[in-house]
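Student: Okay, so here is final.cif, and as you'll see once you scroll down, it has mmCIF, C-alpha atoms.
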```cif
data_entry
#
loop_
_atom_site.label_atom_id
_atom_site.label_comp_id
_atom_site.auth_asym_id
_atom_site.auth_seq_id
_atom_site.Cartn_x
_atom_site.Cartn_y
_atom_site.Cartn_z
CA MET D 1 -27.72 -18.65 1.03
CA LYS D 2 -26.06 -15.48 2.38
CA ASN D 3 -24.98 -17.25 5.57
CA ILE D 4 -23.62 -20.18 3.60
CA LYS D 5 -21.41 -17.86 1.55
CA LEU D 6 -20.27 -16.11 4.70
CA ILE D 7 -19.42 -19.41 6.38
CA MET D 8 -17.37 -20.36 3.33
CA LYS D 9 -15.51 -17.03 3.56
CA ILE D 10 -14.83 -17.62 7.23
CA SER D 11 -13.56 -21.12 6.52
CA VAL D 12 -11.15 -19.82 3.88
CA LYS D 13 -9.88 -17.12 6.27
CA VAL D 14 -9.29 -19.63 9.06
CA ILE D 15 -7.38 -21.98 6.74
CA VAL D 16 -5.28 -19.23 5.14
CA LYS D 17 -4.46 -17.65 8.50
CA ALA D 18 -3.41 -21.03 9.95
CA LEU D 19 -1.27 -21.78 6.89
CA ILE D 20 0.44 -18.39 6.95
CA ASN D 21 1.15 -18.75 10.68
CA LEU D 22 2.61 -22.23 10.14
CA ILE D 23 4.93 -20.99 7.40
CA TYR D 24 5.94 -18.05 9.55
CA ARG D 25 6.69 -20.23 12.58
CA ILE D 26 8.95 -22.40 10.44
CA LEU D 27 10.77 -19.32 9.13
CA THR D 28 11.36 -18.06 12.69
CA LEU D 29 13.68 -21.03 13.16
CA LEU D 30 16.13 -19.04 11.02
CA PRO D 31 18.45 -16.62 12.87
CA LEU D 32 17.31 -13.04 13.48
CA LYS D 33 19.69 -10.52 11.90
CA SER D 34 20.16 -7.57 14.24
CA LYS D 35 21.41 -5.15 11.57
CA LYS D 36 18.84 -5.98 8.93
CA ILE D 37 16.16 -3.44 8.05
CA VAL D 38 13.36 -4.06 5.56
CA PHE D 39 11.29 -1.33 3.91
CA VAL D 40 7.90 -2.52 2.67
CA SER D 41 5.35 -0.64 0.58
CA THR D 42 2.16 -2.29 -0.69
CA ARG D 43 0.89 0.94 -2.28
CA SER D 44 2.72 0.68 -5.58
CA SER D 45 5.31 -1.32 -7.47
CA ASP D 46 7.29 1.92 -7.81
CA LYS D 47 9.49 3.37 -5.11
CA SER D 48 7.69 4.71 -2.05
CA GLU D 49 7.73 8.49 -1.57
CA ASN D 50 7.84 8.04 2.20
CA LEU D 51 10.32 5.17 2.43
CA THR D 52 12.83 6.08 -0.29
CA PRO D 53 14.23 9.07 1.70
CA LEU D 54 14.77 6.74 4.68
CA ILE D 55 16.57 4.18 2.51
CA LYS D 56 18.88 6.88 1.17
CA GLU D 57 19.53 8.19 4.67
CA ILE D 58 20.38 4.83 6.23
CA LYS D 59 22.71 3.95 3.35
CA LYS D 60 24.72 7.06 4.25
CA ARG D 61 25.45 5.60 7.67
CA GLU D 62 28.60 3.53 8.01
CA HIS D 63 27.04 0.84 10.16
CA ASN D 64 26.95 -2.08 7.69
CA TRP D 65 23.16 -2.33 7.61
CA ILE D 66 21.54 -5.02 5.48
CA VAL D 67 18.89 -2.97 3.65
CA VAL D 68 16.03 -4.69 1.82
CA GLU D 69 13.38 -2.85 -0.23
CA MET D 70 10.05 -4.45 -1.19
CA ASN D 71 7.46 -2.61 -3.31
CA MET D 72 4.27 -4.13 -4.71
CA LEU D 73 0.75 -2.86 -5.34
CA LEU D 74 -1.43 -5.35 -3.46
CA ALA D 75 -5.12 -5.79 -2.80
CA THR D 76 -6.26 -5.25 0.79
CA ASN D 77 -7.90 -8.66 1.09
CA LEU D 78 -6.89 -12.31 0.96
CA THR D 79 -6.75 -12.35 -2.85
CA GLN D 80 -3.25 -10.89 -2.54
CA ILE D 81 -2.08 -14.13 -0.91
CA TYR D 82 -2.84 -16.32 -3.90
CA LYS D 83 -2.29 -13.65 -6.56
CA GLN D 84 1.16 -12.78 -5.22
CA PRO D 85 2.36 -15.92 -3.39
CA SER D 86 6.02 -15.22 -4.10
CA PHE D 87 5.85 -11.72 -2.59
CA THR D 88 3.95 -13.05 0.42
CA LEU D 89 6.57 -15.72 1.12
CA LYS D 90 9.42 -13.24 0.75
CA LEU D 91 7.69 -10.84 3.10
CA LEU D 92 7.09 -13.57 5.69
CA TYR D 93 10.78 -14.41 5.49
CA GLN D 94 11.70 -10.78 6.15
CA LEU D 95 9.19 -10.52 9.00
CA ALA D 96 10.87 -13.54 10.55
CA THR D 97 14.53 -12.55 10.16
CA ALA D 98 14.81 -8.73 10.19
CA HIS D 99 15.29 -6.66 13.31
CA PHE D 100 13.40 -3.70 11.80
CA VAL D 101 10.50 -3.71 9.35
CA VAL D 102 9.36 -0.28 8.16
CA LEU D 103 5.96 0.09 6.46
CA ASP D 104 4.08 2.92 4.77
CA ASP D 105 0.60 1.36 4.53
CA TYR D 106 -1.61 -1.68 5.06
CA CYS D 107 0.33 -4.98 5.30
CA LEU D 108 -1.95 -8.04 5.37
CA PRO D 109 0.64 -10.80 6.09
CA LEU D 110 1.67 -8.90 9.23
CA TYR D 111 -1.90 -9.05 10.54
CA LEU D 112 -2.09 -12.82 10.06
CA ILE D 113 0.85 -13.83 12.22
CA LYS D 114 1.99 -13.91 15.81
CA LYS D 115 5.08 -11.72 15.44
CA ARG D 116 8.43 -13.02 16.54
CA GLU D 117 10.05 -11.41 19.58
CA GLY D 118 12.93 -9.19 18.54
CA VAL D 119 11.28 -7.95 15.34
CA GLU D 120 10.33 -4.28 15.59
CA VAL D 121 7.71 -3.04 13.13
CA ILE D 122 7.57 0.71 12.49
CA GLN D 123 4.58 2.14 10.63
CA ILE D 124 5.36 5.35 8.77
CA TRP D 125 1.94 6.07 7.32
CA HIS D 126 1.94 7.42 3.77
CA ALA D 127 -0.13 10.47 4.77
CA ALA D 128 0.97 13.35 6.98
CA GLY D 129 -1.38 14.91 9.54
CA ALA D 130 -4.75 13.44 10.48
CA PHE D 131 -7.73 14.47 8.35
CA LYS D 132 -10.30 11.89 7.23
CA LYS D 133 -10.84 8.90 9.51
CA PHE D 134 -9.11 5.63 8.68
CA GLY D 135 -8.24 2.27 10.19
CA ASN D 136 -10.02 1.40 13.42
CA SER D 137 -11.50 4.91 13.62
CA ILE D 138 -14.07 3.86 11.01
CA GLU D 139 -16.96 2.09 12.68
CA ASN D 140 -18.29 -1.00 10.92
CA GLU D 141 -21.92 -1.97 11.06
CA PHE D 142 -22.70 -5.68 11.31
CA GLN D 143 -26.06 -7.23 10.62
CA SER D 144 -25.31 -10.48 12.46
CA PRO D 145 -22.85 -12.07 14.91
CA LEU D 146 -21.53 -14.12 11.98
CA GLU D 147 -20.57 -10.93 10.10
CA TYR D 148 -18.84 -9.60 13.21
CA TYR D 149 -16.90 -12.86 13.61
CA ASN D 150 -15.86 -12.76 9.97
CA GLN D 151 -14.52 -9.22 10.36
CA SER D 152 -12.73 -9.98 13.64
CA LEU D 153 -10.77 -12.93 12.23
CA ILE D 154 -8.16 -10.61 10.77
CA LYS D 155 -7.32 -7.71 13.07
CA VAL D 156 -5.85 -5.07 10.80
CA HIS D 157 -3.22 -2.55 11.88
CA THR D 158 -1.84 -4.87 14.54
CA ASN D 159 1.73 -5.90 15.36
CA TYR D 160 3.03 -2.32 15.10
CA ASP D 161 5.64 -1.47 17.72
CA LYS D 162 6.04 2.18 16.83
CA VAL D 163 4.20 4.66 14.61
CA ILE D 164 5.81 7.79 13.18
CA VAL D 165 3.62 10.88 12.69
CA SER D 166 4.20 14.45 11.51
CA SER D 167 3.45 16.20 14.82
CA THR D 168 1.95 15.79 18.28
CA ALA D 169 -1.39 17.02 16.85
CA ALA D 170 -1.73 13.70 15.00
CA ILE D 171 -0.97 11.38 17.94
CA ALA D 172 -4.52 10.93 19.28
CA ALA D 173 -5.95 10.14 15.84
CA PHE D 174 -3.28 7.55 15.04
CA SER D 175 -3.63 5.99 18.48
CA GLU D 176 -7.33 5.46 17.75
CA ALA D 177 -6.82 4.36 14.13
CA PHE D 178 -4.18 1.75 15.00
CA SER D 179 -5.33 0.87 18.56
CA ILE D 180 -1.85 1.62 19.82
CA SER D 181 -0.67 3.46 22.93
CA GLU D 182 0.08 7.16 22.47
CA SER D 183 3.47 6.56 24.08
CA ASP D 184 4.42 4.40 21.07
CA ILE D 185 3.68 7.17 18.58
CA LEU D 186 6.65 9.38 17.76
CA PRO D 187 6.20 12.86 16.18
CA LEU D 188 9.40 12.79 14.11
CA GLY D 189 7.98 14.10 10.82
CA ALA D 190 6.96 12.88 7.36
CA PRO D 191 10.00 11.75 5.31
CA LYS D 192 8.37 12.46 1.94
CA THR D 193 8.18 16.17 2.76
CA ASP D 194 11.98 16.47 3.05
CA ARG D 195 12.25 16.94 -0.73
CA LEU D 196 10.04 20.03 -0.60
CA PHE D 197 12.92 21.80 1.17
CA ASP D 198 15.52 20.69 -1.40
CA ASN D 199 16.46 23.46 -3.87
CA ASP D 200 17.91 20.99 -6.38
CA PHE D 201 14.66 19.03 -6.33
CA ARG D 202 12.68 22.21 -7.00
CA ASP D 203 14.92 23.25 -9.90
CA ASN D 204 14.77 19.79 -11.48
CA SER D 205 10.99 19.71 -11.07
CA TYR D 206 10.61 22.92 -13.09
CA LYS D 207 12.89 21.58 -15.85
CA LYS D 208 10.97 18.32 -15.97
CA PHE D 209 7.65 20.12 -16.11
CA VAL D 210 8.67 22.27 -19.09
CA LYS D 211 9.90 19.15 -20.86
CA HIS D 212 6.67 17.19 -20.43
CA TYR D 213 4.06 19.97 -20.56
CA ARG D 214 5.17 22.22 -23.39
CA VAL D 215 1.61 23.30 -24.33
CA GLY D 216 2.06 26.94 -23.42
CA ALA D 217 3.10 25.96 -19.89
CA MET D 218 5.69 28.69 -19.58
CA ASP D 219 3.19 31.56 -19.76
CA LYS D 220 0.39 29.98 -17.73
CA LYS D 221 -0.44 29.74 -14.05
CA ILE D 222 -0.33 26.10 -12.97
CA ILE D 223 -3.19 24.70 -10.87
CA LEU D 224 -2.77 21.21 -9.47
CA TYR D 225 -5.99 19.26 -8.85
CA ALA D 226 -5.54 16.06 -6.81
CA PRO D 227 -8.82 14.50 -5.60
CA THR D 228 -8.79 11.43 -3.39
CA PHE D 229 -10.44 8.15 -4.36
CA ARG D 230 -13.96 7.26 -3.37
CA GLU D 231 -15.01 3.84 -2.20
CA LYS D 232 -18.28 2.14 -1.39
CA ASN D 233 -18.40 -1.16 0.44
CA HIS D 234 -14.59 -1.26 0.17
CA HIS D 235 -14.74 -1.12 -3.66
CA ARG D 236 -12.75 1.72 -5.19
CA GLU D 237 -14.71 3.82 -7.61
CA GLU D 238 -13.66 5.27 -10.95
CA PHE D 239 -12.14 8.72 -11.26
CA LYS D 240 -14.69 11.55 -11.22
CA LEU D 241 -14.06 15.19 -11.98
CA PHE D 242 -17.40 16.49 -10.64
CA PHE D 243 -17.35 19.21 -13.31
CA GLU D 244 -20.71 19.56 -15.06
CA ASP D 245 -20.11 22.56 -17.33
CA PHE D 246 -16.80 21.64 -18.93
CA ASP D 247 -16.95 24.43 -21.50
CA GLN D 248 -17.41 27.10 -18.83
CA PHE D 249 -14.69 25.50 -16.70
CA VAL D 250 -12.21 25.63 -19.59
CA LYS D 251 -13.26 29.20 -20.42
CA THR D 252 -12.41 30.22 -16.84
CA LEU D 253 -8.98 28.63 -17.14
CA GLU D 254 -8.43 30.34 -20.47
CA ASN D 255 -9.38 33.75 -19.07
CA LYS D 256 -7.06 33.15 -16.13
CA LYS D 257 -4.32 31.84 -18.45
CA ALA D 258 -4.10 28.81 -16.19
CA LEU D 259 -3.24 25.20 -16.99
CA MET D 260 -4.87 22.62 -14.71
CA ILE D 261 -2.91 19.43 -14.13
CA ILE D 262 -5.04 16.63 -12.72
CA GLN D 263 -3.28 14.04 -10.56
CA PRO D 264 -5.51 10.93 -10.17
CA HIS D 265 -5.15 8.91 -6.98
CA PRO D 266 -2.57 6.08 -7.40
CA TYR D 267 -5.10 3.45 -6.29
CA LEU D 268 -7.32 4.12 -9.31
CA LYS D 269 -6.63 1.58 -12.03
CA GLN D 270 -8.94 3.05 -14.67
CA ARG D 271 -7.18 5.78 -16.66
CA ALA D 272 -8.98 9.10 -16.77
CA TYR D 273 -9.01 11.18 -19.91
CA VAL D 274 -9.85 14.69 -21.08
CA PRO D 275 -11.29 15.40 -24.54
CA GLU D 276 -8.60 16.48 -27.01
CA LYS D 277 -10.10 19.94 -27.55
CA TYR D 278 -9.53 20.82 -23.87
CA LYS D 279 -5.90 19.71 -23.58
CA GLU D 280 -4.45 23.18 -23.95
CA TRP D 281 -6.03 24.04 -20.58
CA ILE D 282 -6.49 20.69 -18.79
CA GLN D 283 -4.05 17.79 -18.71
CA ILE D 284 -4.01 14.55 -16.72
CA ASN D 285 -0.71 13.42 -15.28
CA HIS D 286 -0.38 9.73 -16.06
CA GLY D 287 3.13 9.22 -14.84
CA PRO D 288 5.70 11.67 -16.27
CA MET D 289 5.86 13.60 -12.99
CA THR D 290 5.38 12.73 -9.35
CA THR D 291 2.82 14.48 -7.16
CA GLN D 292 5.60 16.21 -5.23
CA GLU D 293 7.14 17.56 -8.44
CA LEU D 294 3.76 18.93 -9.51
CA MET D 295 3.28 20.51 -6.09
CA VAL D 296 6.55 22.38 -6.40
CA VAL D 297 5.85 23.79 -9.88
CA SER D 298 2.19 24.66 -9.25
CA ASN D 299 0.86 28.08 -8.28
CA ALA D 300 -2.24 26.77 -6.52
CA PHE D 301 -3.74 23.50 -5.32
CA ILE D 302 -7.27 22.11 -5.38
CA THR D 303 -8.15 18.94 -3.52
CA ASP D 304 -11.02 17.51 -1.50
CA PHE D 305 -10.36 15.02 1.29
CA SER D 306 -6.74 14.26 0.43
CA SER D 307 -4.06 14.48 3.09
CA LEU D 308 -1.81 16.03 0.44
CA MET D 309 -3.07 19.34 1.80
CA PHE D 310 -0.69 18.91 4.75
CA ASP D 311 2.31 18.54 2.42
CA TYR D 312 1.19 21.44 0.24
CA SER D 313 0.79 23.74 3.23
CA LEU D 314 4.59 23.61 3.62
CA LEU D 315 4.86 25.52 0.33
CA GLY D 316 2.68 28.39 1.58
CA LYS D 317 0.69 28.60 -1.67
CA PRO D 318 -3.09 29.07 -1.97
CA MET D 319 -5.33 26.02 -1.91
CA ALA D 320 -9.04 25.27 -2.03
CA PHE D 321 -11.16 22.27 -1.06
CA TYR D 322 -13.70 21.31 -3.71
CA MET D 323 -16.17 19.06 -1.87
CA PRO D 324 -19.51 18.76 -3.70
CA ASP D 325 -20.15 15.53 -1.78
CA LEU D 326 -19.06 16.81 1.65
CA ALA D 327 -22.27 15.90 3.51
CA ASP D 328 -22.28 12.33 2.18
CA TYR D 329 -18.55 11.87 2.85
CA ASN D 330 -18.91 13.19 6.38
CA ASP D 331 -21.75 10.76 7.08
CA THR D 332 -19.98 7.71 5.64
CA ARG D 333 -16.33 8.39 6.57
CA GLY D 334 -16.00 11.37 8.88
CA PHE D 335 -13.07 13.51 10.03
CA TYR D 336 -10.88 13.81 13.09
CA GLY D 337 -11.63 16.48 15.66
CA ASN D 338 -12.63 19.87 14.33
CA ILE D 339 -10.20 19.85 11.39
CA ILE D 340 -12.91 20.27 8.75
CA ASN D 341 -13.41 23.78 10.16
CA GLU D 342 -9.69 24.55 10.29
CA LEU D 343 -8.58 23.83 6.72
CA PRO D 344 -6.00 26.22 5.17
CA GLY D 345 -8.35 27.30 2.39
CA PRO D 346 -12.06 27.63 1.56
CA ILE D 347 -14.44 24.67 1.37
CA ILE D 348 -16.26 24.89 -1.98
CA GLU D 349 -19.35 22.80 -2.73
CA GLU D 350 -20.66 24.51 -5.88
CA GLU D 351 -18.95 24.53 -9.27
CA THR D 352 -19.66 28.24 -9.80
CA GLU D 353 -17.85 29.02 -6.52
CA LEU D 354 -14.86 27.01 -7.70
CA LEU D 355 -14.69 28.98 -10.95
CA THR D 356 -14.73 32.22 -8.95
CA TRP D 357 -11.91 30.97 -6.72
CA ILE D 358 -9.81 30.01 -9.75
CA SER D 359 -10.28 33.51 -11.16
CA LEU D 360 -9.13 35.14 -7.91
CA PHE D 361 -6.94 32.61 -6.12
CA GLU D 362 -3.88 34.89 -5.74
CA SER D 363 -5.86 37.50 -3.82
CA ALA D 364 -7.71 34.81 -1.84
CA SER D 365 -4.56 33.33 -0.29
CA SER D 366 -3.73 33.85 3.36
CA SER D 367 -0.10 32.97 4.02
CA ALA D 368 -0.40 33.68 7.75
CA TYR D 369 -3.33 31.25 8.10
CA ILE D 370 -1.52 28.57 6.11
CA ASN D 371 1.59 29.09 8.24
CA ASP D 372 -0.37 28.56 11.47
CA PHE D 373 -1.88 25.35 10.03
CA THR D 374 1.58 24.08 9.04
CA LYS D 375 3.05 24.74 12.48
CA GLN D 376 0.25 22.71 14.04
CA TRP D 377 0.71 19.65 11.82
CA PHE D 378 4.50 19.56 11.42
CA ALA D 379 6.68 19.45 14.51
CA ASP D 380 9.70 20.66 12.53
CA GLU D 381 9.75 22.43 9.18
CA ASP D 382 13.37 21.73 8.31
CA GLY D 383 13.47 18.88 5.76
CA LEU D 384 15.22 16.59 8.25
CA ALA D 385 12.46 14.09 9.13
CA SER D 386 14.35 11.19 7.50
CA LYS D 387 17.45 11.94 9.57
CA ARG D 388 15.45 12.00 12.81
CA ILE D 389 13.77 8.67 12.05
CA ILE D 390 17.01 6.91 11.09
CA ASP D 391 18.69 8.39 14.18
CA TYR D 392 15.92 6.77 16.25
CA ILE D 393 16.38 3.39 14.53
CA CYS D 394 20.14 3.51 15.00
CA MET D 395 19.67 4.42 18.67
CA GLU D 396 17.29 1.47 19.08
CA ASN D 397 19.99 -0.77 17.58
CA ASN D 398 22.73 0.80 19.72
CA VAL D 399 24.74 2.02 16.73
#
```
Rewrite the coordinates I just gave you, this time as structure tokens.
Tutor:
Amino acid sequence: MKNIKLIMKISVKVIVKALINLIYRILTLLPLKSKKIVFVSTRSSDKSENLTPLIKEIKKREHNWIVVEMNMLLATNLTQIYKQPSFTLKLLYQLATAHFVVLDDYCLPLYLIKKREGVEVIQIWHAAGAFKKFGNSIENEFQSPLEYYNQSLIKVHTNYDKVIVSSTAAIAAFSEAFSISESDILPLGAPKTDRLFDNDFRDNSYKKFVKHYRVGAMDKKIILYAPTFREKNHHREEFKLFFEDFDQFVKTLENKKALMIIQPHPYLKQRAYVPEKYKEWIQINHGPMTTQELMVVSNAFITDFSSLMFDYSLLGKPMAFYMPDLADYNDTRGFYGNIINELPGPIIEEETELLTWISLFESASSSAYINDFTKQWFADEDGLASKRIIDYICMENNV
């Protein structure tokens, strides 16, 4: 029975892939537009943090670019094809007629086609640095040749011509993750971090925070907690706080006069909540502020396996890594190189240790250590990554 279901899956993949390729080949009969650039994000229906700065930068240039923006939260399997057929067709059209296609994440239609010559795809991954393994760095275990064949039908992270990373330290990891030559990986920076250097953005973030979090926010330390999502067998799990003694946790925040803002991962569809009686000391951000805005206004940062730690290191503030499931995560996902031993803050596996860190985080910070980490993972700390990337694209287009 299991093999029958797998054969049916394979059959559907073969048919869908052939159909998508046929549609794409027909669309390639249309002329290629040399000054057309398409920005595609499948992470959210909102504007992309990593692509929006590039769109703004290229619109400053007086080169008559045709700029197209496409944002849609999509599944990472074939269900996206029939759930969002209109988006798929529009994307295939852009992949057939644009000179440049810029991505910030997984893009299934791209992996189903034989890309037209003259179309250059640039992957600007949504995460800076290289921390937890992803893409082709994650080894899959197959119980039969049929399972292997099913997996190999769609080769993900293919058809990229160039990949942009935050520094040379990330090149080897991205080369492995995307099976792309290191010479095609350019350490030009992470566009989303440009805003962290913008004084107007910082000022507006503080004003916005006071407006949305009036519950004594002005006289409290702000701790941002942004855990990553967990997944098992490619199924995303619900949001988990990992806090067992909530009363003691809130008491620690109260003694510290600290407000914790929890930022759930954007992939999590199920809304998290905190009991009403705790809301003076713990709040969950369900949209009023972006993660970057919360980073700027916060006094400290707690995460686990999130690459947001790279971005936050640019601010030079204390951070801690709360990893009660570190051993399991290391066994199932793993990390690049020796980075787990080089994090810019303590690894904490016990709740009592986390409470101690919260009580003492100002004295526990090490700005020099954070600064060394930042210099390793960001080639330039100047807020000009978007300019460098658009300069490269313009150079490629001889403008």
Student: Find, counting all atoms listed in the file, the residue in D:Ser167, D:Asn299, D:Ser137, D:Ser313 that gets nearest to Tyr369 in chain D.
Tutor: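 Ranking D:Ser167, D:Asn299, D:Ser137, D:Ser313 by distance to Tyr369 in chain D, first place goes to D:Ser313.
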Student: Using CA of Val14 in chain D and CA of Glu147 in chain D as the two end points, give the distance in Å to one decimal.
Tutor: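 Answer for the CA of Val14 in chain D to CA of Glu147 in chain D separation: 14.3 Å.
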Student: Identify the residues within 12 Å of coordinate (7.8, 24.2, 9.2) (same frame as the file), considering all atoms listed in the file, and give the answer as a PDB file with C-alpha atoms, in the coordinates of the input.
Tutor:
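Written out: selection.pdb:
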```
ATOM      1  CA  SER D 166       4.200  14.450  11.510  1.00  0.00           C
ATOM      2  CA  SER D 167       3.450  16.200  14.820  1.00  0.00           C
ATOM      3  CA  GLY D 189       7.980  14.100  10.820  1.00  0.00           C
ATOM      4  CA  ALA D 190       6.960  12.880   7.360  1.00  0.00           C
ATOM      5  CA  THR D 193       8.180  16.170   2.760  1.00  0.00           C
ATOM      6  CA  ASP D 194      11.980  16.470   3.050  1.00  0.00           C
ATOM      7  CA  LEU D 196      10.040  20.030  -0.600  1.00  0.00           C
ATOM      8  CA  PHE D 197      12.920  21.800   1.170  1.00  0.00           C
ATOM      9  CA  PHE D 310      -0.690  18.910   4.750  1.00  0.00           C
ATOM     10  CA  ASP D 311       2.310  18.540   2.420  1.00  0.00           C
ATOM     11  CA  TYR D 312       1.190  21.440   0.240  1.00  0.00           C
ATOM     12  CA  SER D 313       0.790  23.740   3.230  1.00  0.00           C
ATOM     13  CA  LEU D 314       4.590  23.610   3.620  1.00  0.00           C
ATOM     14  CA  LEU D 315       4.860  25.520   0.330  1.00  0.00           C
ATOM     15  CA  GLY D 316       2.680  28.390   1.580  1.00  0.00           C
ATOM     16  CA  ILE D 370      -1.520  28.570   6.110  1.00  0.00           C
ATOM     17  CA  ASN D 371       1.590  29.090   8.240  1.00  0.00           C
ATOM     18  CA  ASP D 372      -0.370  28.560  11.470  1.00  0.00           C
ATOM     19  CA  PHE D 373      -1.880  25.350  10.030  1.00  0.00           C
ATOM     20  CA  THR D 374       1.580  24.080   9.040  1.00  0.00           C
ATOM     21  CA  LYS D 375       3.050  24.740  12.480  1.00  0.00           C
ATOM     22  CA  GLN D 376       0.250  22.710  14.040  1.00  0.00           C
ATOM     23  CA  TRP D 377       0.710  19.650  11.820  1.00  0.00           C
ATOM     24  CA  PHE D 378       4.500  19.560  11.420  1.00  0.00           C
ATOM     25  CA  ALA D 379       6.680  19.450  14.510  1.00  0.00           C
ATOM     26  CA  ASP D 380       9.700  20.660  12.530  1.00  0.00           C
ATOM     27  CA  GLU D 381       9.750  22.430   9.180  1.00  0.00           C
ATOM     28  CA  ASP D 382      13.370  21.730   8.310  1.00  0.00           C
ATOM     29  CA  GLY D 383      13.470  18.880   5.760  1.00  0.00           C
ATOM     30  CA  LEU D 384      15.220  16.590   8.250  1.00  0.00           C
ATOM     31  CA  ALA D 385      12.460  14.090   9.130  1.00  0.00           C
TER      32      ALA D 385
END
```
Student: Which range 167-235 of chain D residues have any atom within 8 Å of an atom of range 251-265 of chain D, and for each, what is the nearest pair of atoms with distance in Å to one decimal, counting all atoms listed in the file, rows sorted by chain and number, as CSV?
Tutor:
```
residue,atom,partner,partner_atom,distance
D:Ala217,CA,D:Leu259,CA,7.0
D:Asp219,CA,D:Lys257,CA,7.6
D:Lys220,CA,D:Ala258,CA,4.9
D:Lys221,CA,D:Ala258,CA,4.3
D:Ile222,CA,D:Leu259,CA,5.0
D:Ile223,CA,D:Met260,CA,4.7
D:Leu224,CA,D:Ile261,CA,5.0
D:Tyr225,CA,D:Ile262,CA,4.8
D:Ala226,CA,D:Gln263,CA,4.8
D:Pro227,CA,D:Pro264,CA,6.7
D:Thr228,CA,D:His265,CA,5.7
D:Phe229,CA,D:His265,CA,6.0
```
Student: Quick check on the file I pasted: which residues fall under the PyMOL selection byres ((chain D and resi 44-54) around 8)? Write them as a list in words.
Tutor: Phe39, Ser41, Thr42, Arg43, Ile55, Lys56, Glu57, Ile58, Asn71, Met72, Leu73, Leu74, Val102, Leu103, Asp104, Ile124, His126, Ala190, Pro191, Lys192, Asp194, Pro266, Ser386, Lys387, Ile389 and Ile390 of chain D
